[in-house]
$ cat work_19.cif   # mmCIF, C-alpha atoms
data_query
#
loop_
_atom_site.group_PDB
_atom_site.id
_atom_site.type_symbol
_atom_site.label_atom_id
_atom_site.label_comp_id
_atom_site.auth_asym_id
_atom_site.auth_seq_id
_atom_site.Cartn_x
_atom_site.Cartn_y
_atom_site.Cartn_z
ATOM 1 C CA MET A 1 27.221 8.116 127.180
ATOM 2 C CA GLN A 2 25.976 10.987 129.294
ATOM 3 C CA LYS A 3 22.779 12.909 128.473
ATOM 4 C CA GLY A 4 24.570 15.795 126.774
ATOM 5 C CA LYS A 5 26.756 13.468 124.734
ATOM 6 C CA ILE A 6 23.705 11.508 123.566
ATOM 7 C CA ALA A 7 21.994 14.787 122.661
ATOM 8 C CA ALA A 8 25.016 15.964 120.653
ATOM 9 C CA GLN A 9 25.182 12.655 118.759
ATOM 10 C CA VAL A 10 21.467 12.844 117.979
ATOM 11 C CA GLY A 11 22.012 16.452 116.902
ATOM 12 C CA HIS A 12 24.668 15.266 114.480
ATOM 13 C CA ALA A 13 22.324 12.588 113.120
ATOM 14 C CA CYS A 14 19.580 15.225 112.654
ATOM 15 C CA VAL A 15 21.819 17.631 110.749
ATOM 16 C CA MET A 16 23.063 14.831 108.508
ATOM 17 C CA ALA A 17 19.506 13.556 107.948
ATOM 18 C CA ALA A 18 18.515 17.081 106.939
ATOM 19 C CA THR A 19 21.436 17.626 104.562
ATOM 20 C CA HIS A 20 22.783 14.244 103.414
ATOM 21 C CA PRO A 21 19.676 13.113 101.412
ATOM 22 C CA MET A 22 19.916 16.284 99.322
ATOM 23 C CA LEU A 23 23.044 14.820 97.753
ATOM 24 C CA ARG A 24 21.092 11.837 96.422
ATOM 25 C CA PRO A 25 19.423 12.596 93.109
ATOM 26 C CA GLY A 26 16.168 10.999 92.018
ATOM 27 C CA PRO A 27 13.399 9.353 93.956
ATOM 28 C CA VAL A 28 14.175 7.684 97.266
ATOM 29 C CA SER A 29 12.978 4.358 95.922
ATOM 30 C CA GLU A 30 12.408 3.373 92.321
ATOM 31 C CA ALA A 31 9.988 0.726 93.524
ATOM 32 C CA GLN A 32 7.517 3.289 94.819
ATOM 33 C CA ASP A 33 6.130 6.566 93.618
ATOM 34 C CA MET A 34 8.063 8.498 96.249
ATOM 35 C CA GLU A 35 9.109 12.101 96.548
ATOM 36 C CA THR A 36 12.746 12.879 95.762
ATOM 37 C CA PRO A 37 15.056 13.171 98.769
ATOM 38 C CA ALA A 38 15.147 16.958 98.308
ATOM 39 C CA GLU A 39 11.344 17.067 98.404
ATOM 40 C CA LEU A 40 11.273 14.886 101.516
ATOM 41 C CA VAL A 41 13.725 17.173 103.305
ATOM 42 C CA GLY A 42 11.905 20.296 102.136
ATOM 43 C CA ASN A 43 8.551 18.987 103.332
ATOM 44 C CA TRP A 44 10.013 17.933 106.640
ATOM 45 C CA LEU A 45 11.753 21.295 107.204
ATOM 46 C CA HIS A 46 8.469 23.117 106.636
ATOM 47 C CA GLN A 47 6.191 20.768 108.529
ATOM 48 C CA GLY A 48 7.508 20.899 112.075
ATOM 49 C CA GLN A 49 10.640 18.755 111.495
ATOM 50 C CA MET A 50 9.358 15.953 113.673
ATOM 51 C CA LYS A 51 12.092 13.895 115.309
ATOM 52 C CA ILE A 52 11.571 10.772 117.361
ATOM 53 C CA VAL A 53 14.450 9.309 119.347
ATOM 54 C CA LEU A 54 14.255 5.537 119.807
ATOM 55 C CA LYS A 55 16.571 3.093 121.491
ATOM 56 C CA VAL A 56 18.064 -0.195 120.356
ATOM 57 C CA GLN A 57 19.530 -2.950 122.485
ATOM 58 C CA SER A 58 22.702 -3.504 120.471
ATOM 59 C CA LEU A 59 24.774 -2.399 117.506
ATOM 60 C CA ALA A 60 23.534 -5.506 115.668
ATOM 61 C CA GLN A 61 19.931 -4.391 116.147
ATOM 62 C CA LEU A 62 20.761 -0.839 114.993
ATOM 63 C CA ARG A 63 22.386 -2.191 111.823
ATOM 64 C CA GLU A 64 19.399 -4.477 111.192
ATOM 65 C CA VAL A 65 16.961 -1.558 111.418
ATOM 66 C CA LEU A 66 19.118 0.644 109.188
ATOM 67 C CA ASP A 67 19.446 -2.199 106.652
ATOM 68 C CA GLN A 68 15.665 -2.621 106.558
ATOM 69 C CA ALA A 69 15.215 1.113 106.029
ATOM 70 C CA HIS A 70 17.851 1.202 103.308
ATOM 71 C CA ALA A 71 16.244 -1.798 101.562
ATOM 72 C CA ALA A 72 12.912 0.057 101.677
ATOM 73 C CA GLY A 73 14.564 2.953 99.857
ATOM 74 C CA LEU A 74 14.676 5.361 102.812
ATOM 75 C CA PRO A 75 17.590 7.706 103.513
ATOM 76 C CA THR A 76 19.771 6.392 106.336
ATOM 77 C CA TYR A 77 22.810 7.784 108.083
ATOM 78 C CA GLU A 78 25.157 6.286 110.659
ATOM 79 C CA VAL A 79 26.972 8.540 113.134
ATOM 80 C CA HIS A 80 30.561 7.472 113.867
ATOM 81 C CA ASP A 81 31.994 9.335 116.815
ATOM 82 C CA ALA A 82 35.466 10.804 116.616
ATOM 83 C CA GLY A 83 35.990 9.354 120.088
ATOM 84 C CA HIS A 84 37.623 12.369 121.654
ATOM 85 C CA THR A 85 35.637 12.013 124.856
ATOM 86 C CA GLN A 86 33.296 9.296 126.111
ATOM 87 C CA VAL A 87 33.481 6.509 123.506
ATOM 88 C CA GLU A 88 36.102 4.653 121.452
ATOM 89 C CA PRO A 89 37.086 6.340 118.140
ATOM 90 C CA GLY A 90 34.826 5.229 115.295
ATOM 91 C CA SER A 91 32.050 3.940 117.568
ATOM 92 C CA VAL A 92 28.620 3.967 115.974
ATOM 93 C CA THR A 93 26.477 6.035 118.316
ATOM 94 C CA VAL A 94 23.271 6.855 116.421
ATOM 95 C CA GLY A 95 21.503 5.828 113.237
ATOM 96 C CA ALA A 96 19.165 8.190 111.418
ATOM 97 C CA ILE A 97 16.293 7.167 109.143
ATOM 98 C CA GLY A 98 14.436 9.738 107.048
ATOM 99 C CA PRO A 99 13.144 12.361 106.742
ATOM 100 C CA ALA A 100 10.222 10.308 105.453
ATOM 101 C CA PRO A 101 6.464 10.094 105.913
ATOM 102 C CA VAL A 102 5.450 8.314 109.090
ATOM 103 C CA GLU A 103 3.691 5.542 107.141
ATOM 104 C CA TRP A 104 7.023 4.551 105.563
ATOM 105 C CA LEU A 105 8.843 4.646 108.887
ATOM 106 C CA ASP A 106 6.333 2.923 111.147
ATOM 107 C CA PRO A 107 6.705 -0.603 109.732
ATOM 108 C CA ILE A 108 10.462 -0.384 110.358
ATOM 109 C CA THR A 109 10.765 1.569 113.610
ATOM 110 C CA GLY A 110 7.378 0.744 115.158
ATOM 111 C CA PRO A 111 8.687 -2.086 117.374
ATOM 112 C CA LEU A 112 11.381 0.132 118.980
ATOM 113 C CA LYS A 113 10.799 1.919 122.282
ATOM 114 C CA LEU A 114 11.157 5.651 122.883
ATOM 115 C CA MET A 115 14.442 6.666 124.505
ATOM 116 C CA MET B 1 12.282 16.014 130.026
ATOM 117 C CA GLN B 2 13.457 12.481 129.413
ATOM 118 C CA LYS B 3 16.764 11.697 127.667
ATOM 119 C CA GLY B 4 15.193 11.057 124.251
ATOM 120 C CA LYS B 5 13.110 14.212 124.461
ATOM 121 C CA ILE B 6 16.174 16.282 125.358
ATOM 122 C CA ALA B 7 18.042 14.701 122.452
ATOM 123 C CA ALA B 8 15.230 15.489 120.000
ATOM 124 C CA GLN B 9 15.095 19.123 121.179
ATOM 125 C CA VAL B 10 18.861 19.450 120.781
ATOM 126 C CA GLY B 11 18.502 17.838 117.353
ATOM 127 C CA HIS B 12 16.014 20.515 116.410
ATOM 128 C CA ALA B 13 18.355 23.230 117.654
ATOM 129 C CA CYS B 14 21.212 21.723 115.601
ATOM 130 C CA VAL B 15 19.194 21.586 112.376
ATOM 131 C CA MET B 16 18.034 25.164 112.858
ATOM 132 C CA ALA B 17 21.574 26.316 113.697
ATOM 133 C CA ALA B 18 22.751 24.659 110.485
ATOM 134 C CA THR B 19 20.035 26.144 108.267
ATOM 135 C CA HIS B 20 18.670 29.307 109.906
ATOM 136 C CA PRO B 21 21.876 31.447 109.642
ATOM 137 C CA MET B 22 21.884 30.855 105.875
ATOM 138 C CA LEU B 23 18.821 33.101 105.667
ATOM 139 C CA ARG B 24 20.785 36.024 107.140
ATOM 140 C CA PRO B 25 22.721 37.909 104.507
ATOM 141 C CA GLY B 26 25.978 39.686 105.185
ATOM 142 C CA PRO B 27 28.557 39.262 107.904
ATOM 143 C CA VAL B 28 27.490 37.960 111.288
ATOM 144 C CA SER B 29 28.671 41.148 112.929
ATOM 145 C CA GLU B 30 29.487 44.443 111.298
ATOM 146 C CA ALA B 31 31.709 45.241 114.241
ATOM 147 C CA GLN B 32 34.172 42.495 113.395
ATOM 148 C CA ASP B 33 35.758 41.137 110.275
ATOM 149 C CA MET B 34 33.692 37.966 110.454
ATOM 150 C CA GLU B 35 32.722 35.371 107.907
ATOM 151 C CA THR B 36 29.207 35.558 106.542
ATOM 152 C CA PRO B 37 26.683 33.200 108.174
ATOM 153 C CA ALA B 38 26.738 31.008 105.063
ATOM 154 C CA GLU B 39 30.529 30.731 105.308
ATOM 155 C CA LEU B 40 30.304 29.904 109.014
ATOM 156 C CA VAL B 41 27.801 27.130 108.339
ATOM 157 C CA GLY B 42 29.804 25.828 105.380
ATOM 158 C CA ASN B 43 33.015 25.716 107.393
ATOM 159 C CA TRP B 44 31.270 24.015 110.294
ATOM 160 C CA LEU B 45 29.619 21.404 108.051
ATOM 161 C CA HIS B 46 32.992 20.497 106.550
ATOM 162 C CA GLN B 47 35.042 20.599 109.733
ATOM 163 C CA GLY B 48 33.459 17.942 111.911
ATOM 164 C CA GLN B 49 30.316 19.920 112.878
ATOM 165 C CA MET B 50 31.339 20.142 116.500
ATOM 166 C CA LYS B 51 28.421 20.414 118.907
ATOM 167 C CA ILE B 52 28.680 20.977 122.624
ATOM 168 C CA VAL B 53 25.624 20.591 124.823
ATOM 169 C CA LEU B 54 25.668 22.766 127.930
ATOM 170 C CA LYS B 55 23.174 23.261 130.718
ATOM 171 C CA VAL B 56 21.645 26.350 132.278
ATOM 172 C CA GLN B 57 19.931 26.682 135.627
ATOM 173 C CA SER B 58 16.910 28.646 134.453
ATOM 174 C CA LEU B 59 15.109 30.158 131.490
ATOM 175 C CA ALA B 60 16.377 33.559 132.645
ATOM 176 C CA GLN B 61 19.970 32.329 132.409
ATOM 177 C CA LEU B 62 19.332 30.837 128.960
ATOM 178 C CA ARG B 63 17.911 34.146 127.721
ATOM 179 C CA GLU B 64 20.861 36.037 129.204
ATOM 180 C CA VAL B 65 23.373 33.818 127.377
ATOM 181 C CA LEU B 66 21.451 34.071 124.095
ATOM 182 C CA ASP B 67 21.214 37.860 124.471
ATOM 183 C CA GLN B 68 24.973 38.085 125.017
ATOM 184 C CA ALA B 69 25.587 35.959 121.928
ATOM 185 C CA HIS B 70 23.171 37.999 119.845
ATOM 186 C CA ALA B 71 24.806 41.232 121.011
ATOM 187 C CA ALA B 72 28.173 39.810 119.976
ATOM 188 C CA GLY B 73 26.766 39.257 116.481
ATOM 189 C CA LEU B 74 26.512 35.467 116.671
ATOM 190 C CA PRO B 75 23.625 33.482 115.199
ATOM 191 C CA THR B 76 21.203 32.337 117.893
ATOM 192 C CA TYR B 77 18.091 30.207 117.813
ATOM 193 C CA GLU B 78 15.514 29.390 120.475
ATOM 194 C CA VAL B 79 13.588 26.106 120.314
ATOM 195 C CA HIS B 80 9.930 26.397 121.326
ATOM 196 C CA ASP B 81 8.343 23.021 121.827
ATOM 197 C CA ALA B 82 4.939 22.303 120.334
ATOM 198 C CA GLY B 83 4.091 20.752 123.694
ATOM 199 C CA HIS B 84 2.456 17.597 122.389
ATOM 200 C CA THR B 85 4.190 15.419 124.945
ATOM 201 C CA GLN B 86 6.333 16.223 127.968
ATOM 202 C CA VAL B 87 6.255 20.038 128.283
ATOM 203 C CA GLU B 88 3.735 22.890 128.073
ATOM 204 C CA PRO B 89 3.063 24.242 124.541
ATOM 205 C CA GLY B 90 5.502 27.018 123.635
ATOM 206 C CA SER B 91 8.050 26.095 126.302
ATOM 207 C CA VAL B 92 11.604 27.140 125.476
ATOM 208 C CA THR B 93 13.618 23.936 125.672
ATOM 209 C CA VAL B 94 16.987 24.698 124.039
ATOM 210 C CA GLY B 95 18.956 27.675 122.797
ATOM 211 C CA ALA B 96 21.489 27.356 120.001
ATOM 212 C CA ILE B 97 24.488 29.608 119.460
ATOM 213 C CA GLY B 98 26.580 29.367 116.301
ATOM 214 C CA PRO B 99 27.961 27.806 114.243
ATOM 215 C CA ALA B 100 30.910 30.034 115.113
ATOM 216 C CA PRO B 101 34.623 29.714 115.858
ATOM 217 C CA VAL B 102 35.349 28.524 119.366
ATOM 218 C CA GLU B 103 37.154 31.762 120.267
ATOM 219 C CA TRP B 104 33.930 33.717 119.690
ATOM 220 C CA LEU B 105 31.849 31.257 121.702
ATOM 221 C CA ASP B 106 34.121 30.669 124.668
ATOM 222 C CA PRO B 107 33.748 34.091 126.304
ATOM 223 C CA ILE B 108 29.966 33.592 126.288
ATOM 224 C CA THR B 109 29.481 29.900 126.991
ATOM 225 C CA GLY B 110 32.706 29.198 128.879
ATOM 226 C CA PRO B 111 31.156 29.503 132.364
ATOM 227 C CA LEU B 112 28.422 26.919 131.605
ATOM 228 C CA LYS B 113 28.816 23.251 132.530
ATOM 229 C CA LEU B 114 28.533 20.311 130.145
ATOM 230 C CA MET B 115 25.180 18.568 130.246
#

$ encode --input "work_19.cif" --output "structure tokens"
Amino acid sequence: MQKGKIAAQVGHACVMAATHPMLRPGPVSEAQDMETPAELVGNWLHQGQMKIVLKVQSLAQLREVLDQAHAAGLPTYEVHDAGHTQVEPGSVTVGAIGPAPVEWLDPITGPLKLM
Amino acid sequence: MQKGKIAAQVGHACVMAATHPMLRPGPVSEAQDMETPAELVGNWLHQGQMKIVLKVQSLAQLREVLDQAHAAGLPTYEVHDAGHTQVEPGSVTVGAIGPAPVEWLDPITGPLKLM
């Protein structure tokens, strides 16, 4: 994908990460004393909305990371491209994790490199 | 800026474009029979959330395009980077226009090239 296409896909992931968790009631994880998804999004919106774009080596690795995040009770979202332009229809282009505090994310995304 | 940094800045612009117009009451432009900003965002969220990433040659050109959009009554948003990493603090990195129907955007953004 070209730079602008990557940026648009990441943009889609960001909008979904900022809106999708609001649809999930209750705490992110019952195993921990976590904020509700709506609280997480609210805090994130008002605290600089930090976004970090990381790269994976394969779809398998992306799925593995998203599975880990999901198992840890974090909001995840997978972007499937409509495939009108540079990729095949339905291709997974980006995965989003969060919004969530950095200490919940680091154990999962820490090993990945910045894009 | 590197690819991932560009993507994160565009992500910020997308989230703000999807949330910021909701704070503006009333129609986008009194001059036209337009949807309210909330309706524009709602329609966009439910109709594929199309995003197109375009490039400008200079900050002056970015401001010119945003001014045109603002004058036409469209929602605009300017991303100022905190400057922790690759750019000077306060640098304008991305401008967002919309969400809005393509026929309102095309006269303004049509001359710009895809990133």

$ atom_distance --input "work_19.cif" --atom1 "atom CA of B:Leu59" --atom2 "atom CA of A:Leu114"
26.3 Å

$ interface_residues --input "work_19.cif" --of "chain B" --to "chain A" --cutoff "8 Å" --atoms "only C-alpha atoms" --output "tab-separated table (two decimals) with C-alpha atoms, in the coordinates of the input"
chain	number	residue	atom	x	y	z
B	2	GLN	CA	13.46	12.48	129.41
B	3	LYS	CA	16.76	11.70	127.67
B	4	GLY	CA	15.19	11.06	124.25
B	5	LYS	CA	13.11	14.21	124.46
B	6	ILE	CA	16.17	16.28	125.36
B	7	ALA	CA	18.04	14.70	122.45
B	8	ALA	CA	15.23	15.49	120.00
B	10	VAL	CA	18.86	19.45	120.78
B	11	GLY	CA	18.50	17.84	117.35
B	12	HIS	CA	16.01	20.52	116.41
B	13	ALA	CA	18.36	23.23	117.65
B	14	CYS	CA	21.21	21.72	115.60
B	15	VAL	CA	19.19	21.59	112.38
B	18	ALA	CA	22.75	24.66	110.48
B	49	GLN	CA	30.32	19.92	112.88
B	51	LYS	CA	28.42	20.41	118.91
B	52	ILE	CA	28.68	20.98	122.62
B	53	VAL	CA	25.62	20.59	124.82
B	54	LEU	CA	25.67	22.77	127.93
B	114	LEU	CA	28.53	20.31	130.15
B	115	MET	CA	25.18	18.57	130.25

$ atom_distance --input "work_19.cif" --atom1 "atom CA of A:His80" --atom2 "atom CA of A:Val92"
4.5 Å

$ atom_distance --input "work_19.cif" --atom1 "atom CA of A:Gly95" --atom2 "atom CA of B:Gly98"
24.3 Å

$ closest_residue --input "work_19.cif" --among "B:Pro99, B:Gly83, B:Pro21, B:Gly90" --to "B:Trp44" --atoms "only C-alpha atoms"
B:Pro99

$ resolve_selection --input "work_19.cif" --expression "the PyMOL selection byres ((chain A and resi 62) around 12)" --output "list in words"
Leu54, Lys55, Val56, Gln57, Ser58, Leu59, Ala60, Gln61, Arg63, Glu64, Val65, Leu66, Asp67, Gln68, Ala69, Thr76, Tyr77, Glu78, Val79, Val92, Thr93, Val94, Gly95, Ala96, Ile97, Ile108, Thr109 and Leu112 of chain A

$ write_last_selection --input "work_19.cif" --atoms "C-alpha atoms" --output "PDB file, in the coordinates of the input"
ATOM      1  CA  LEU A  54      14.255   5.537 119.807  1.00  0.00           C
ATOM      2  CA  LYS A  55      16.571   3.093 121.491  1.00  0.00           C
ATOM      3  CA  VAL A  56      18.064  -0.195 120.356  1.00  0.00           C
ATOM      4  CA  GLN A  57      19.530  -2.950 122.485  1.00  0.00           C
ATOM      5  CA  SER A  58      22.702  -3.504 120.471  1.00  0.00           C
ATOM      6  CA  LEU A  59      24.774  -2.399 117.506  1.00  0.00           C
ATOM      7  CA  ALA A  60      23.534  -5.506 115.668  1.00  0.00           C
ATOM      8  CA  GLN A  61      19.931  -4.391 116.147  1.00  0.00           C
ATOM      9  CA  ARG A  63      22.386  -2.191 111.823  1.00  0.00           C
ATOM     10  CA  GLU A  64      19.399  -4.477 111.192  1.00  0.00           C
ATOM     11  CA  VAL A  65      16.961  -1.558 111.418  1.00  0.00           C
ATOM     12  CA  LEU A  66      19.118   0.644 109.188  1.00  0.00           C
ATOM     13  CA  ASP A  67      19.446  -2.199 106.652  1.00  0.00           C
ATOM     14  CA  GLN A  68      15.665  -2.621 106.558  1.00  0.00           C
ATOM     15  CA  ALA A  69      15.215   1.113 106.029  1.00  0.00           C
ATOM     16  CA  THR A  76      19.771   6.392 106.336  1.00  0.00           C
ATOM     17  CA  TYR A  77      22.810   7.784 108.083  1.00  0.00           C
ATOM     18  CA  GLU A  78      25.157   6.286 110.659  1.00  0.00           C
ATOM     19  CA  VAL A  79      26.972   8.540 113.134  1.00  0.00           C
ATOM     20  CA  VAL A  92      28.620   3.967 115.974  1.00  0.00           C
ATOM     21  CA  THR A  93      26.477   6.035 118.316  1.00  0.00           C
ATOM     22  CA  VAL A  94      23.271   6.855 116.421  1.00  0.00           C
ATOM     23  CA  GLY A  95      21.503   5.828 113.237  1.00  0.00           C
ATOM     24  CA  ALA A  96      19.165   8.190 111.418  1.00  0.00           C
ATOM     25  CA  ILE A  97      16.293   7.167 109.143  1.00  0.00           C
ATOM     26  CA  ILE A 108      10.462  -0.384 110.358  1.00  0.00           C
ATOM     27  CA  THR A 109      10.765   1.569 113.610  1.00  0.00           C
ATOM     28  CA  LEU A 112      11.381   0.132 118.980  1.00  0.00           C
TER      29      LEU A 112
END

$ closest_residue --input "work_19.cif" --among "B:Trp104, B:Pro89, B:Thr36, B:Val41" --to "B:Ala71" --atoms "all atoms listed in the file"
B:Trp104
